[in-house]
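Engineer: Here it is: the structure, laid out below.
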Amino acid sequence: MTDELEDELRRALPATQVRGSRIRRRRGSDAGRSRVRTDSAERALLRRDASVFDGGVAGPVCFPETAAEVQAIVRIANAHGRAIVPRGAGTGLAGGAIPLGAPIVIALTRMNRILEVDTINRVAWVEPGVINLDLSKYLRPMGYHFAPDPSSQQVCTIGGNLANNSGGPHCLAYGVTDTHIIATEVVLPSGDIVMLGGLDPEPDGLDLRGAFVGGEGTLGIATKIAVRLTKNPPAVRTLLLSFGHVADAANTVSAVIAAGIVPAAMEVMDQRITIAVENYVHAGYPIDAAAVLLAEVEGLEGGVQIDADRIGEIGRAHGATDVRLAASDRERALLWKGRKTAFGAIAQIKPDYYLHDTVVPRAKLAEVLAQVYEIADRHELLVMNVFHAGDGNLHPLLIFDGREPGVLDRVHEAGAEIVRASLAAGGVLSGEHGIGVEKQAYMSEQFSDDDLDHQNRLRQSFDPHCRSNPGKVIPMGHSCADIQALRRVPTGVWG
Amino acid sequence: MDLTIDPDELNMCVQCGLCLPSCPTFRVTGDETRSPRGRIALMRAVQNDDAPLTPEVLEAFDTCVQCRGCEPACPSGVPYGHLMERTREALADDGSLTPVWQRWALKPLNQPRLLQIGTTAMAVAQRLKVLPDRLGAPADLPLRHHALAPSATVDAPGRETVFLFTGCVMDVWQSKVHAAAQRVLEAADVAVIPTNRLAPCCGALHTHAGLGDDARARAEQLIGALPERPILVDSAGCGAAMKDYGHLLDTEAAREFSARVFDIQEWLAPRVDQLPQVDKVPVRVAVQDPCHLRHVQRVHEATRTVLAPFVQTLVELDDDGLCCGAGGAYSVLQPELAGLIRERKVEAIDRARPDLVASANPGCSMHLAGAGVRTIHPMQLIDAAISKTPL
Ligand SMILES: Cc1cc2nc3c(=O)[nH]c(=O)nc-3n(C[C@H](O)[C@H](O)[C@H](O)COP(=O)(O)OP(=O)(O)OC[C@H]3O[C@@H](n4cnc5c(N)ncnc54)[C@H](O)[C@@H]3O)c2cc1C
Ligand code: SF4
Ligand code: SF4
């Protein structure tokens, strides 16, 4: 039965070399490798993404190169009653791309072409495996970029961004991914191909595009995406403010927004993370400040200077000990590189992290932060805070060494308390990383049973048999699948 | 199996994936087993969880170019190069990697005479057009080898005197580069001692292949042979290996030696004013940073500093220093992947529309030349500008 499945998949995805290659294929060579992988190494690696969660085991791993191939895989999966899991770059932090049970993994990394750019209508059609930053770099000479800029943008895919409705520092001014997705071609769990949304400003009927964005792979697979292009701003100012207390930084953020300024980005990092980051980028971050605020304003030359000055004043009024304006593009790029690699830099301190992602009302930032530090202390854990302050999007990082016995339990307990503290302050579960398997259990703390049933009904109308990324997002009891069965790991695969 | 990797170093990777796009093999395959994050996870599985060494696991390690593009991309500072060197050495010792024929193939690198006979044979074969292309040999292998002579000014008062490391493969295959490098140094009033047979081989290829004992023997030999003076290297791969002797041997003498090793561009950059002022060569030159200059030695900016006064237009490639696929012997051992990786590089070069590509590593030059790219060593460019020879 399994062999039959593999044979069918191999027939659907004949071994090709990477597209466009002029290199002749040799037997047994790497480039001519099968695009259906069943070996234990591949399957073990794809158990994980960038989160702390360990999945089941990837079933056959497929590398399709066209929508038709994705469709063929989905149909074969259906015929065999097997589940599927789409995967982009595997940088998800909520376990969205990890396999539960032994589903067929559909890795979209080879569908990475930028198909069409239309600067007049400000639309580009891309395949889902295009890397976020690659798209913006490609658009740069034309004067445009793709606005959502998750800190992982150098590696995460547009398909993953769409599925997680990802945010990024500059989403404060531009809105998260959803705002920038105009239409998407989808291979539904049934195997049918549909187009959701459209280039018309006001497509007819229900906004199914809106329903699909943020679906975390449970509603089908995006195979072609129309993204909105954002014009590069004529002028930018980047400020770095230092503070003696984390609360001062948080209060400055609220005050800036209250003053009616809409910066393109406002990011806070506490001292521990600033030290780790500075150690990597050497951007001149002050390592003696309790917290730093990185703020950026964009727009016309005259306006940005005024806004930058006002942010500086507001900062000083709230206790900023230093206000620095990035003097060059290079300095600005370095400061951002530091902020964007923050999560990655922590292994300098401890080898494991568990990153949380909650949103609290901006006015409560300082208060919730104080609780976060207190919770971590109580559980004898180190916590670092780096967050999209402008949105009230907190990212407390609990850092630890997984080899220490019992530490994971403490991490999970502290994590749960942090989430509850955020909810209690009137916040929500996930700012941008999605629910995946991580936040599933908390869904019922934010939503009523009714809410969850309705969400599940929407999901079932896309995926009646619960075969697309089963076991994610919607918690057990509200979900259609028997999740217990998903946790079973087949024998014969290590890792 | 114990790969003898330091457990703390192995434990450093947090799996964030930020290194993936800097990895040439991941870029062309989109496959986690061809990525740094995946390879590290496999090392962990083998060393910590005793996962079996299946052919696929070995393939994952074997397909790594060892370009170390993943290192500067990693905010956690995972020392990937060390992890991979340990892995290769453990697996080569165990007989799982680096088959016997490869070990023998690396032997003559230490034997200038043997190597020369081999090159002459290849040069003849090339002229008879029976040399297979996949060996990636340069188009004009020399039939005869001329050793460079030390400058007349060695140890003259007020002169800096340096060693110019002439290495093995490159020495016979690309002796023109050394000759140009020596002329450029002399034009800057520097006296040069070419190392020739004093220091036949740096051991970089041995390290890559996991032949640690051979590599350490080469290192000891060089350390004994090249005392006191700065050692300038015009091959990025050799320079990187020699700067790493301190780590390789872990002795005071080795660290002292490594501190005296400089890439020739790196060493010349602060002395660029000592070079004569001449008309710029009217060409558009794209700088291709060899991985071992950019990712390992991290002194690639120097290439621009030394070239700027001598060429009309310097352009950057837009691929963030992604590897070209040459990787020591990689292009011979993994021709398919090396070819795919090269295609990406060639596309980036095409976008920059240069007349010439300057590369400070013979391996990269040969590999790119194999795809029809016109390459030149920065020292040859400066030499041509100073001597007003047309390119
Ligand atoms: C260092 C670091 C920093 C990060 N910073 C941010 C940040 O600032 N903001 C933020 O929002 N996130 C951030 N993230 C999280 C993560 O990068 C984003 O969620 C990203 O969008 C995931 O993209 P991916 O390609 O890696 O997707 P994956 O992790 O591979 O998949 C994510 C989800 O999308 C689904 N999926 C993937 N492709 C498709 C498709 N074509 N069709 C349907 N479903 C699909 C998967 O099934 C999975 O559920 C960060 C992660 C890291 C490691
Ligand atoms: S050394 Fe190069 S090929 Fe190997 S994992 Fe790192 S980036 Fe990839
Ligand atoms: S090697 Fe570094 S960048 Fe790559 S996944 Fe590991 S921690 Fe992240």
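Going by the structure tokens order, chains are called A, B, ..., each with residues numbered from 1, while ligands are numbered from 1 in the order shown.
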Contacts of Glu71 in chain B at 7 Å or less, counting only C-alpha atoms, minus same-chain residues fewer than 6 places along, as a list in words?
Structural biologist: Gly77, Val78, Pro79, Tyr80 and His295 of chain B
Engineer: Export N, CA and C atoms of the chosen residues as a PDB file, in the first residue's frame?
Structural biologist:
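Output file result_33.pdb follows:
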```pdb
ATOM      1  N   GLY B  77      26.235  32.508  15.890  1.00  0.00           N
ATOM      2  CA  GLY B  77      27.662  32.224  15.797  1.00  0.00           C
ATOM      3  C   GLY B  77      27.987  30.740  15.815  1.00  0.00           C
ATOM      4  N   VAL B  78      27.144  29.920  15.222  1.00  0.00           N
ATOM      5  CA  VAL B  78      27.439  28.492  15.157  1.00  0.00           C
ATOM      6  C   VAL B  78      28.691  28.289  14.296  1.00  0.00           C
ATOM      7  N   PRO B  79      29.731  27.647  14.832  1.00  0.00           N
ATOM      8  CA  PRO B  79      30.966  27.475  14.067  1.00  0.00           C
ATOM      9  C   PRO B  79      30.829  26.303  13.098  1.00  0.00           C
ATOM     10  N   TYR B  80      30.035  26.499  12.068  1.00  0.00           N
ATOM     11  CA  TYR B  80      29.694  25.399  11.176  1.00  0.00           C
ATOM     12  C   TYR B  80      30.932  24.728  10.592  1.00  0.00           C
ATOM     13  N   HIS B 295      33.524  34.758   3.674  1.00  0.00           N
ATOM     14  CA  HIS B 295      32.841  34.146   4.814  1.00  0.00           C
ATOM     15  C   HIS B 295      33.809  33.650   5.882  1.00  0.00           C
TER      16      HIS B 295
END
```
Engineer: Show me which residues are within 7 Å of ligand 3 counting only C-alpha atoms and all ligand atoms, and format the list as an NGL selection string.
Structural biologist: (:A and (344)) or (:B and (12-20 or 36-37 or 70 or 73-78 or 80))
Engineer: Between chain B and ligand 2, at 10 Å or less, what are the per-residue closest atom pairs and their distances in Å? Count only C-alpha atoms and all ligand atoms, order by chain and rising residue number, and return it as a Markdown table.
Structural biologist:
```
| residue | atom | partner | partner_atom_place_in_ligand_line | distance |
| --- | --- | --- | --- | --- |
| B:Cys19 | CA | ligand 2 | 7 (S) | 7.4 |
| B:Leu20 | CA | ligand 2 | 7 (S) | 7.5 |
| B:Pro21 | CA | ligand 2 | 7 (S) | 8.3 |
| B:Ser22 | CA | ligand 2 | 7 (S) | 5.7 |
| B:Cys23 | CA | ligand 2 | 7 (S) | 3.5 |
| B:Pro24 | CA | ligand 2 | 3 (S) | 5.6 |
| B:Thr25 | CA | ligand 2 | 3 (S) | 5.5 |
| B:Phe26 | CA | ligand 2 | 8 (Fe) | 6.7 |
| B:Arg27 | CA | ligand 2 | 8 (Fe) | 8.9 |
| B:Thr33 | CA | ligand 2 | 5 (S) | 9.4 |
| B:Arg34 | CA | ligand 2 | 8 (Fe) | 7.0 |
| B:Ser35 | CA | ligand 2 | 5 (S) | 5.2 |
| B:Pro36 | CA | ligand 2 | 5 (S) | 3.7 |
| B:Arg37 | CA | ligand 2 | 5 (S) | 7.5 |
| B:Gly38 | CA | ligand 2 | 5 (S) | 8.3 |
| B:Arg39 | CA | ligand 2 | 5 (S) | 6.7 |
| B:Ile40 | CA | ligand 2 | 5 (S) | 8.4 |
| B:Ala60 | CA | ligand 2 | 5 (S) | 9.3 |
| B:Phe61 | CA | ligand 2 | 4 (Fe) | 8.1 |
| B:Asp62 | CA | ligand 2 | 4 (Fe) | 9.1 |
| B:Thr63 | CA | ligand 2 | 3 (S) | 7.2 |
| B:Cys64 | CA | ligand 2 | 4 (Fe) | 3.9 |
| B:Val65 | CA | ligand 2 | 3 (S) | 4.1 |
| B:Gln66 | CA | ligand 2 | 1 (S) | 3.6 |
| B:Cys67 | CA | ligand 2 | 2 (Fe) | 4.0 |
| B:Arg68 | CA | ligand 2 | 1 (S) | 3.6 |
| B:Gly69 | CA | ligand 2 | 7 (S) | 4.2 |
| B:Cys70 | CA | ligand 2 | 7 (S) | 4.2 |
| B:Glu71 | CA | ligand 2 | 6 (Fe) | 6.9 |
| B:Pro72 | CA | ligand 2 | 7 (S) | 9.6 |
| B:Ala73 | CA | ligand 2 | 7 (S) | 9.0 |
| B:Pro79 | CA | ligand 2 | 6 (Fe) | 10.0 |
| B:Tyr80 | CA | ligand 2 | 6 (Fe) | 6.7 |
| B:Gly81 | CA | ligand 2 | 1 (S) | 6.6 |
| B:Leu83 | CA | ligand 2 | 1 (S) | 10.0 |
| B:Met84 | CA | ligand 2 | 1 (S) | 7.9 |
| B:Cys291 | CA | ligand 2 | 2 (Fe) | 8.6 |
| B:His295 | CA | ligand 2 | 7 (S) | 9.5 |
| B:Leu322 | CA | ligand 2 | 7 (S) | 8.3 |
| B:Cys323 | CA | ligand 2 | 2 (Fe) | 7.3 |
| B:Gly325 | CA | ligand 2 | 3 (S) | 8.6 |
| B:Gly327 | CA | ligand 2 | 2 (Fe) | 8.9 |
```
Engineer: Would you pick out the contacts of Ala149 in chain B at 9 Å or less, using only C-alpha atoms, so that residues sharing its chain but fewer than 2 positions from it are not included, and give the list as a list of chain:residue names?
Structural biologist: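 Near neighbours after the sequence-gap exclusion: B:Ala147, B:Ser151, B:Ala152, B:Val192, B:Ile193, B:Pro194.
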Engineer: Would you mind listing the residues within 7 Å of ligand 1, counting only C-alpha atoms and all ligand atoms, as a PyMOL selection string?
Structural biologist: (chain A and resi 49-50+85-93+96-97+108+128-129+149-153+156-169+216-217+220-223+340-344+432-434+436+469) or (chain B and resi 16-18)
Engineer: Can you pull out every residue within 9 Å of range 336-339 of chain A, counting only C-alpha atoms, but drop anything in the same chain fewer than 5 positions away, and send it as a ChimeraX atom specification?
Structural biologist: /A:151,267-269,274,277-278,280-283,285,294,331,345,386 /B:75
Engineer: Output C-alpha atoms for every residue in the selection just made, as a PDB file, in the first residue's frame.
Structural biologist:
```
ATOM      1  CA  SER A 151      12.207  39.339  10.950  1.00  0.00           C
ATOM      2  CA  GLU A 267      10.625  48.033  18.004  1.00  0.00           C
ATOM      3  CA  VAL A 268      11.851  47.546  21.554  1.00  0.00           C
ATOM      4  CA  MET A 269      14.657  45.303  22.741  1.00  0.00           C
ATOM      5  CA  THR A 274      20.612  44.030  22.838  1.00  0.00           C
ATOM      6  CA  VAL A 277      22.558  41.343  18.995  1.00  0.00           C
ATOM      7  CA  GLU A 278      25.347  43.885  19.256  1.00  0.00           C
ATOM      8  CA  TYR A 280      26.731  39.772  16.256  1.00  0.00           C
ATOM      9  CA  VAL A 281      26.137  42.901  14.141  1.00  0.00           C
ATOM     10  CA  HIS A 282      28.390  45.544  15.709  1.00  0.00           C
ATOM     11  CA  ALA A 283      25.916  48.262  14.835  1.00  0.00           C
ATOM     12  CA  TYR A 285      23.723  49.382  19.967  1.00  0.00           C
ATOM     13  CA  LEU A 294      14.219  51.498  17.273  1.00  0.00           C
ATOM     14  CA  GLU A 331      24.067  52.351   9.664  1.00  0.00           C
ATOM     15  CA  ALA A 345      21.341  35.535  18.296  1.00  0.00           C
ATOM     16  CA  VAL A 386      12.131  41.997  21.893  1.00  0.00           C
TER      17      VAL A 386
ATOM     18  CA  PRO B  75      23.329  35.254  14.480  1.00  0.00           C
TER      19      PRO B  75
END
```
Engineer: Show me, as a PyMOL selection string, the residues that have an atom within 10 Å of Leu381 in chain B when counting only C-alpha atoms, minus same-chain residues fewer than 6 positions from it.
Structural biologist: chain B and resi 177+180-181+184+281+285+307+310-311+356+358+387+389-391
Engineer: Compare A:Leu382, A:Asp352, A:Gly427, A:Ala327 by their minimum atom-to-atom distance to Leu365 in chain A, counting only C-alpha atoms, and give me the closest one.
Structural biologist: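 Closest to Leu365 in chain A of all the choices is A:Gly427.
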Engineer: Quick one: DSSP helix (DSSP H, G or I) residues in range 142-238 of chain A, as number ranges by chain?
Structural biologist: A: 142, 158-164, 171-174, 177-180, 208-212
Engineer: How would the residues just picked look written out with all heavy atoms as a short mmCIF file (atom, residue, chain, number, x, y, z; two decimals), in the first residue's frame?
Structural biologist:
```cif
data_model
loop_
_atom_site.label_atom_id
_atom_site.label_comp_id
_atom_site.auth_asym_id
_atom_site.auth_seq_id
_atom_site.Cartn_x
_atom_site.Cartn_y
_atom_site.Cartn_z
N MET A 142 12.92 48.73 -9.38
CA MET A 142 11.70 49.31 -9.95
C MET A 142 11.07 50.31 -8.99
O MET A 142 10.08 50.95 -9.31
CB MET A 142 10.70 48.20 -10.25
CG MET A 142 11.25 47.12 -11.18
SD MET A 142 10.11 45.71 -11.27
CE MET A 142 11.26 44.38 -11.53
N ILE A 158 6.72 33.53 0.74
CA ILE A 158 5.47 34.28 0.62
C ILE A 158 4.29 33.36 0.97
O ILE A 158 3.33 33.78 1.60
CB ILE A 158 5.29 34.84 -0.81
CG1 ILE A 158 6.51 35.69 -1.21
CG2 ILE A 158 4.00 35.62 -0.94
CD1 ILE A 158 6.55 37.07 -0.65
N GLY A 159 4.38 32.10 0.57
CA GLY A 159 3.31 31.15 0.90
C GLY A 159 3.15 31.00 2.41
O GLY A 159 2.04 30.97 2.94
N GLY A 160 4.28 30.90 3.11
CA GLY A 160 4.25 30.80 4.58
C GLY A 160 3.70 32.09 5.19
O GLY A 160 2.93 32.06 6.14
N ASN A 161 4.10 33.23 4.66
CA ASN A 161 3.60 34.52 5.15
C ASN A 161 2.08 34.58 5.02
O ASN A 161 1.38 35.01 5.93
CB ASN A 161 4.16 35.71 4.34
CG ASN A 161 5.67 35.85 4.42
OD1 ASN A 161 6.28 36.53 3.62
ND2 ASN A 161 6.29 35.21 5.40
N LEU A 162 1.60 34.15 3.84
CA LEU A 162 0.17 34.17 3.58
C LEU A 162 -0.55 33.24 4.56
O LEU A 162 -1.54 33.60 5.19
CB LEU A 162 -0.09 33.74 2.13
CG LEU A 162 -1.51 33.68 1.61
CD1 LEU A 162 -1.50 33.87 0.09
CD2 LEU A 162 -2.21 32.38 1.93
N ALA A 163 -0.01 32.03 4.70
CA ALA A 163 -0.68 31.03 5.53
C ALA A 163 -0.71 31.47 7.00
O ALA A 163 -1.67 31.19 7.72
CB ALA A 163 0.01 29.68 5.40
N ASN A 164 0.34 32.17 7.45
CA ASN A 164 0.37 32.60 8.86
C ASN A 164 -0.10 34.04 9.03
O ASN A 164 -0.08 34.56 10.13
CB ASN A 164 1.80 32.48 9.41
CG ASN A 164 2.11 31.07 9.85
OD1 ASN A 164 1.24 30.20 9.80
ND2 ASN A 164 3.31 30.84 10.29
N CYS A 171 4.89 46.53 9.54
CA CYS A 171 3.44 46.33 9.39
C CYS A 171 2.67 47.31 10.26
O CYS A 171 1.46 47.47 10.11
CB CYS A 171 3.07 44.90 9.71
SG CYS A 171 3.73 43.78 8.46
N LEU A 172 3.37 47.99 11.16
CA LEU A 172 2.72 49.02 11.97
C LEU A 172 2.07 50.06 11.05
O LEU A 172 0.93 50.46 11.24
CB LEU A 172 3.78 49.68 12.86
CG LEU A 172 3.33 50.82 13.76
CD1 LEU A 172 2.22 50.35 14.69
CD2 LEU A 172 4.50 51.34 14.58
N ALA A 173 2.79 50.48 10.04
CA ALA A 173 2.24 51.47 9.12
C ALA A 173 1.50 50.84 7.94
O ALA A 173 0.52 51.38 7.45
CB ALA A 173 3.35 52.37 8.59
N TYR A 174 1.96 49.66 7.51
CA TYR A 174 1.45 49.13 6.25
C TYR A 174 0.42 48.02 6.39
O TYR A 174 -0.18 47.60 5.42
CB TYR A 174 2.61 48.60 5.40
CG TYR A 174 3.54 49.68 4.91
CD1 TYR A 174 4.83 49.81 5.41
CD2 TYR A 174 3.12 50.57 3.91
CE1 TYR A 174 5.67 50.80 4.95
CE2 TYR A 174 3.97 51.56 3.44
CZ TYR A 174 5.25 51.67 3.97
OH TYR A 174 6.09 52.64 3.51
N THR A 177 0.29 40.84 6.43
CA THR A 177 0.29 40.22 5.10
C THR A 177 -1.07 40.29 4.40
O THR A 177 -1.16 40.58 3.21
CB THR A 177 0.73 38.74 5.22
OG1 THR A 177 2.05 38.72 5.78
CG2 THR A 177 0.76 38.07 3.87
N ASP A 178 -2.13 40.05 5.15
CA ASP A 178 -3.48 40.03 4.58
C ASP A 178 -3.75 41.25 3.69
O ASP A 178 -4.33 41.13 2.61
CB ASP A 178 -4.50 39.97 5.72
CG ASP A 178 -5.91 40.01 5.19
OD1 ASP A 178 -6.23 39.14 4.36
OD2 ASP A 178 -6.67 40.91 5.58
N THR A 179 -3.30 42.41 4.13
CA THR A 179 -3.52 43.65 3.38
C THR A 179 -2.83 43.61 2.01
O THR A 179 -3.17 44.36 1.11
CB THR A 179 -2.90 44.84 4.16
OG1 THR A 179 -3.03 44.59 5.55
CG2 THR A 179 -3.55 46.15 3.79
N HIS A 180 -1.85 42.76 1.88
CA HIS A 180 -0.99 42.79 0.70
C HIS A 180 -1.19 41.60 -0.23
O HIS A 180 -0.43 41.41 -1.16
CB HIS A 180 0.47 42.91 1.13
CG HIS A 180 0.70 44.09 2.02
ND1 HIS A 180 0.97 45.35 1.53
CD2 HIS A 180 0.61 44.22 3.37
CE1 HIS A 180 1.07 46.19 2.54
NE2 HIS A 180 0.86 45.54 3.66
N LEU A 208 -13.53 35.15 0.03
CA LEU A 208 -12.92 33.88 0.43
C LEU A 208 -11.41 33.99 0.52
O LEU A 208 -10.76 33.25 1.24
CB LEU A 208 -13.32 32.78 -0.55
CG LEU A 208 -14.80 32.40 -0.47
CD1 LEU A 208 -15.14 31.36 -1.51
CD2 LEU A 208 -15.16 31.89 0.92
N ARG A 209 -10.86 34.95 -0.21
CA ARG A 209 -9.42 35.21 -0.09
C ARG A 209 -9.09 35.54 1.36
O ARG A 209 -8.17 35.00 1.96
CB ARG A 209 -9.06 36.39 -1.00
CG ARG A 209 -7.62 36.84 -0.94
CD ARG A 209 -7.49 38.33 -1.22
NE ARG A 209 -8.22 39.12 -0.23
CZ ARG A 209 -7.73 39.50 0.93
NH1 ARG A 209 -6.50 39.19 1.25
NH2 ARG A 209 -8.44 40.20 1.79
N GLY A 210 -9.93 36.44 1.92
CA GLY A 210 -9.73 36.84 3.32
C GLY A 210 -9.84 35.66 4.27
O GLY A 210 -9.14 35.59 5.28
N ALA A 211 -10.73 34.73 3.94
CA ALA A 211 -10.88 33.56 4.81
C ALA A 211 -9.66 32.65 4.71
O ALA A 211 -9.22 32.06 5.69
CB ALA A 211 -12.14 32.77 4.43
N PHE A 212 -9.10 32.60 3.51
CA PHE A 212 -7.98 31.68 3.28
C PHE A 212 -6.67 32.17 3.91
O PHE A 212 -5.89 31.39 4.44
CB PHE A 212 -7.78 31.47 1.77
CG PHE A 212 -6.75 30.43 1.46
CD1 PHE A 212 -7.08 29.08 1.49
CD2 PHE A 212 -5.44 30.78 1.15
CE1 PHE A 212 -6.12 28.11 1.23
CE2 PHE A 212 -4.48 29.83 0.89
CZ PHE A 212 -4.82 28.48 0.93
#
```
Engineer: Which of these, B:Asp2, B:Asp263, B:Glu301, B:Glu343, has the shortest distance to chain A once you count only C-alpha atoms?
Structural biologist: B:Glu343
Engineer: Using CA of Cys364 in chain B and CA of Arg344 in chain B as the two end points, give the distance in Å to one decimal.
Structural biologist: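 Between CA of Cys364 in chain B and CA of Arg344 in chain B the gap is 13.7 Å.
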